[in-house]
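A.B. asks: One structure coming up, written as structure tokens, with questions to follow.
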Amino acid sequence: MKHYVDICNLVEGDVSAEVNALDYDGMIKEGEELADLHDQIVVKLPMTKEGVMAAKYFSDKGIKTNVTLVFSAGQALLAAKAGATYVSPFIGRLDDVSTDGLALIEEIRLIYDNYGYETQILAASVRHTMHIVNCAKIGADVMTGPLSVIYGLLKHPLTDIGLAQFVADYEKGNK
């Protein structure tokens with residue numbers, strides 16, 4: 001568990017730390033141990049009956065939670081009602097099974113806005129740059145994805161062509 005403390009000491013903001021237990025009592029025991037490690041720790045719980053019950057327990061104690069493996073608006077609603085700090089819909093995995101993952105983000109955003117839920121939408125399983133852009137457009141609060149996808153936001157062929165032209169023009173002017 002030392003690695004969680006090391007990560008917290010390197011970054012600002014919340015750091016999710018996942019429980020391994022599948023039963024309520026085990027989730028509570030592991031979650032309390034994780035939460036005691038550092039103020040930045042967010043206890044990551046699975047979207048199961050026991051996970052939602054544990055989210056409510058931790059929420060009542062002021063401990064942040066991230067309910068993960070969310071694949072429906074109904075699941076996201078239950079997590080918010082339990083007081084989850086974050087809900088993690090896995091949009092890439094939905095896309096993998098021919099379901100619109102971005103539509104799920106839109107549905108969750110609508111529900112949360114309708115009822116004033118403070119639970120943040122953490123778009124997970126992001127696979128490409130347009131996932132990031134579209135999640136930002138439709139109101140996801142947070143995103144987790146591979147660094148390569150984040151770097152992909154920097155790239156555009158017209159930027160590369162324009163930069164090459166600027167360099168060529170500069171070199172012509174300095175001869």
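In the structure tokens, the first chain shown is A, the next is B, and so on; residue numbers restart at 1 for each chain, and ligands run from 1 in the order shown.
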Do you know which residues are at most 9 Å from A:Val42 counting only C-alpha atoms, after dropping those on the same chain fewer than 6 positions away, and could you put them as a ChimeraX atom specification?
C.D. replies: /A:14-18,31,34-35,63-66,85-86
A.B. asks: Hey, what's within 12 Å of A:Leu22 if we count only C-alpha atoms and toss same-chain stuff fewer than 2 positions away? As number ranges by chain, please?
C.D. replies: A: 18-20, 24-31, 44-54
A.B. asks: Mind checking DSSP for chain A and telling me the strand (DSSP E) residues as a list in words?
C.D. replies: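 Those in chain A that DSSP calls strand (DSSP E) are Val15, Ser16, Ala17, Glu18, Ile41, Val42, Val43, Lys44, Leu45, Pro46, Thr65, Asn66, Val67, Thr68, Leu69, Val70, Tyr86, Val87, Ser88, Pro89, Gln120, Ile121, Leu122, Ala123, Val142 and Met143 of chain A.
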A.B. asks: I'd like to know which of A:Ala123, A:Ala73, A:Met130, A:Leu10 is closest to A:Ile108, using only C-alpha atoms.
C.D. replies: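 Of A:Ala123, A:Ala73, A:Met130, A:Leu10, the one nearest A:Ile108 is A:Ala73, counting only C-alpha atoms.
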A.B. asks: Need the shell around A:Ile132: protein/DNA/RNA residues with any atom at most 9 Å away, counting only C-alpha atoms. Skip same-chain ones fewer than 2 positions apart. Format as a PyMOL selection string?
C.D. replies: chain A and resi 123+126-130+134-137+143+145+149-150+153
A.B. asks: Generate a file of the selected residues that holds all heavy atoms, formatted as a tab-separated table (two decimals), in the first residue's frame.
C.D. replies:
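Result file is part.tsv:
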chain	number	residue	atom	x	y	z
A	123	ALA	N	-15.16	9.87	-16.74
A	123	ALA	CA	-15.19	9.05	-17.96
A	123	ALA	C	-13.99	8.12	-17.96
A	123	ALA	O	-12.84	8.56	-17.94
A	123	ALA	CB	-15.18	9.94	-19.19
A	126	VAL	N	-11.32	5.46	-21.74
A	126	VAL	CA	-11.22	6.36	-22.89
A	126	VAL	C	-10.22	5.76	-23.87
A	126	VAL	O	-9.11	5.37	-23.48
A	126	VAL	CB	-10.82	7.77	-22.43
A	126	VAL	CG1	-10.41	8.64	-23.58
A	126	VAL	CG2	-11.95	8.40	-21.63
A	127	ARG	N	-10.58	5.68	-25.14
A	127	ARG	CA	-9.75	4.99	-26.12
A	127	ARG	C	-9.09	5.89	-27.15
A	127	ARG	O	-8.12	5.50	-27.77
A	127	ARG	CB	-10.60	3.95	-26.86
A	127	ARG	CG	-11.27	2.91	-25.97
A	127	ARG	CD	-10.27	1.87	-25.53
A	127	ARG	NE	-10.76	1.00	-24.49
A	127	ARG	CZ	-11.54	-0.05	-24.67
A	127	ARG	NH1	-11.95	-0.36	-25.86
A	127	ARG	NH2	-11.91	-0.77	-23.63
A	128	HIS	N	-9.65	7.09	-27.40
A	128	HIS	CA	-9.10	7.95	-28.46
A	128	HIS	C	-9.41	9.41	-28.16
A	128	HIS	O	-10.19	9.72	-27.25
A	128	HIS	CB	-9.64	7.54	-29.83
A	128	HIS	CG	-11.12	7.39	-29.90
A	128	HIS	ND1	-11.97	8.47	-29.96
A	128	HIS	CD2	-11.91	6.29	-29.86
A	128	HIS	CE1	-13.22	8.04	-29.99
A	128	HIS	NE2	-13.22	6.73	-29.92
A	129	THR	N	-8.78	10.28	-28.94
A	129	THR	CA	-8.90	11.72	-28.67
A	129	THR	C	-10.34	12.22	-28.75
A	129	THR	O	-10.72	13.10	-27.97
A	129	THR	CB	-8.02	12.53	-29.63
A	129	THR	OG1	-8.39	12.23	-30.98
A	129	THR	CG2	-6.55	12.24	-29.42
A	130	MET	N	-11.13	11.70	-29.65
A	130	MET	CA	-12.51	12.19	-29.76
A	130	MET	C	-13.35	11.79	-28.55
A	130	MET	O	-14.32	12.48	-28.22
A	130	MET	CB	-13.16	11.75	-31.07
A	130	MET	CG	-12.58	12.47	-32.29
A	130	MET	SD	-12.44	14.28	-32.11
A	130	MET	CE	-14.16	14.75	-31.91
A	134	ASN	N	-15.34	14.80	-26.89
A	134	ASN	CA	-16.79	14.65	-26.75
A	134	ASN	C	-17.22	14.56	-25.28
A	134	ASN	O	-18.26	15.11	-24.92
A	134	ASN	CB	-17.30	13.45	-27.55
A	134	ASN	CG	-17.28	13.72	-29.03
A	134	ASN	OD1	-17.53	14.84	-29.47
A	134	ASN	ND2	-16.96	12.71	-29.82
A	135	CYS	N	-16.42	13.93	-24.44
A	135	CYS	CA	-16.73	13.90	-23.01
A	135	CYS	C	-16.72	15.31	-22.44
A	135	CYS	O	-17.57	15.67	-21.62
A	135	CYS	CB	-15.75	13.00	-22.26
A	135	CYS	SG	-16.10	11.24	-22.44
A	136	ALA	N	-15.76	16.11	-22.87
A	136	ALA	CA	-15.69	17.50	-22.41
A	136	ALA	C	-16.92	18.28	-22.89
A	136	ALA	O	-17.49	19.08	-22.14
A	136	ALA	CB	-14.41	18.16	-22.90
A	137	LYS	N	-17.34	18.04	-24.13
A	137	LYS	CA	-18.49	18.75	-24.69
A	137	LYS	C	-19.79	18.41	-23.97
A	137	LYS	O	-20.66	19.27	-23.80
A	137	LYS	CB	-18.63	18.43	-26.18
A	137	LYS	CG	-17.60	19.13	-27.04
A	137	LYS	CD	-17.50	18.66	-28.47
A	137	LYS	CE	-18.74	18.41	-29.21
A	137	LYS	NZ	-18.52	18.00	-30.61
A	143	MET	N	-11.62	12.69	-16.54
A	143	MET	CA	-11.36	11.64	-17.53
A	143	MET	C	-10.12	10.88	-17.09
A	143	MET	O	-9.19	11.47	-16.57
A	143	MET	CB	-11.14	12.28	-18.91
A	143	MET	CG	-10.88	11.33	-20.05
A	143	MET	SD	-9.20	10.67	-20.23
A	143	MET	CE	-8.19	12.10	-20.31
A	145	GLY	N	-7.46	8.09	-18.88
A	145	GLY	CA	-7.13	7.43	-20.14
A	145	GLY	C	-5.63	7.34	-20.32
A	145	GLY	O	-4.86	7.93	-19.54
A	149	VAL	N	-3.25	8.93	-25.61
A	149	VAL	CA	-4.48	9.56	-26.09
A	149	VAL	C	-4.48	11.04	-25.72
A	149	VAL	O	-4.89	11.90	-26.52
A	149	VAL	CB	-5.73	8.84	-25.53
A	149	VAL	CG1	-7.00	9.58	-25.89
A	149	VAL	CG2	-5.79	7.40	-26.03
A	150	ILE	N	-4.00	11.36	-24.53
A	150	ILE	CA	-3.92	12.76	-24.12
A	150	ILE	C	-2.94	13.51	-25.03
A	150	ILE	O	-3.25	14.60	-25.52
A	150	ILE	CB	-3.52	12.86	-22.64
A	150	ILE	CG1	-4.60	12.23	-21.77
A	150	ILE	CG2	-3.28	14.33	-22.25
A	150	ILE	CD1	-4.21	12.00	-20.33
A	153	LEU	N	-4.14	14.76	-28.42
A	153	LEU	CA	-4.84	16.04	-28.55
A	153	LEU	C	-3.95	17.13	-29.13
A	153	LEU	O	-4.44	18.10	-29.71
A	153	LEU	CB	-5.37	16.50	-27.19
A	153	LEU	CG	-6.49	15.64	-26.58
A	153	LEU	CD1	-6.75	16.07	-25.14
A	153	LEU	CD2	-7.77	15.73	-27.40
A.B. asks: Quick one: residues within 9 Å of A:Val5, only C-alpha atoms, excluding same-chain residues fewer than 3 positions away - as a PyMOL selection string?
C.D. replies: chain A and resi 1-2+8-10+37-38+40-41
A.B. asks: Okay, now the selection with C-alpha atoms, as a CSV table (one decimal), in the first residue's frame?
C.D. replies:
chain,number,residue,atom,x,y,z
A,1,MET,CA,0.0,0.0,0.0
A,2,LYS,CA,3.0,2.2,0.2
A,8,CYS,CA,-0.3,11.0,-3.3
A,9,ASN,CA,3.1,12.6,-2.5
A,10,LEU,CA,3.8,13.1,-6.2
A,37,LEU,CA,-3.2,6.1,4.2
A,38,HIS,CA,-3.6,9.7,2.9
A,40,GLN,CA,-6.1,12.3,-1.1
A,41,ILE,CA,-7.2,8.7,-1.2
A.B. asks: When you count only C-alpha atoms, which of these residues is closest to A:Val142: A:Ala21, A:Ala82, A:Ile121, A:Val167?
C.D. replies: A:Ile121
A.B. asks: Go through A:Gly62, A:Arg93, A:Glu33, A:Ala79 one by one, measure the shortest atom-to-atom distance of each to A:Tyr117 using only C-alpha atoms, and give the residue with the smallest value.
C.D. replies: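 Distance minimum relative to A:Tyr117 lands on A:Ala79.
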A.B. asks: Looking at A:Val70, A:Val43, A:Leu147, A:Leu163, which one is nearest to A:Tyr4, with distances taken over only C-alpha atoms?
C.D. replies: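 Checking each candidate against A:Tyr4, we get A:Val43 as the closest.
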A.B. asks: Rank A:Val133, A:Leu104, A:Leu78, A:Ser88 by their smallest atom-to-atom distance to A:Lys56, using only C-alpha atoms, and report the top residue only.
C.D. replies: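 Answer, going by the shortest atom-to-atom distance: A:Leu78.
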A.B. asks: Mind the document's chain letters and residue numbers, and return as a ChimeraX atom specification the residues of stretch 41-170 of chain A that DSSP labels helix (DSSP H, G or I).
C.D. replies: /A:49-60,73-81,91-96,101-115,129-138,147-152,157-170
A.B. asks: For the atom pair atom CA of A:Ala84 and atom CA of A:Leu102, what is the interatomic distance in Å to one decimal place?
C.D. replies: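 Here the two named atoms are 20.7 Å from each other.
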A.B. asks: For a test of reading the model, state the distance in Å between atom CA of A:Leu122 and atom CA of A:Thr68, rounded to one decimal.
C.D. replies: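 That distance, rounded to one decimal, is 9.1 Å.
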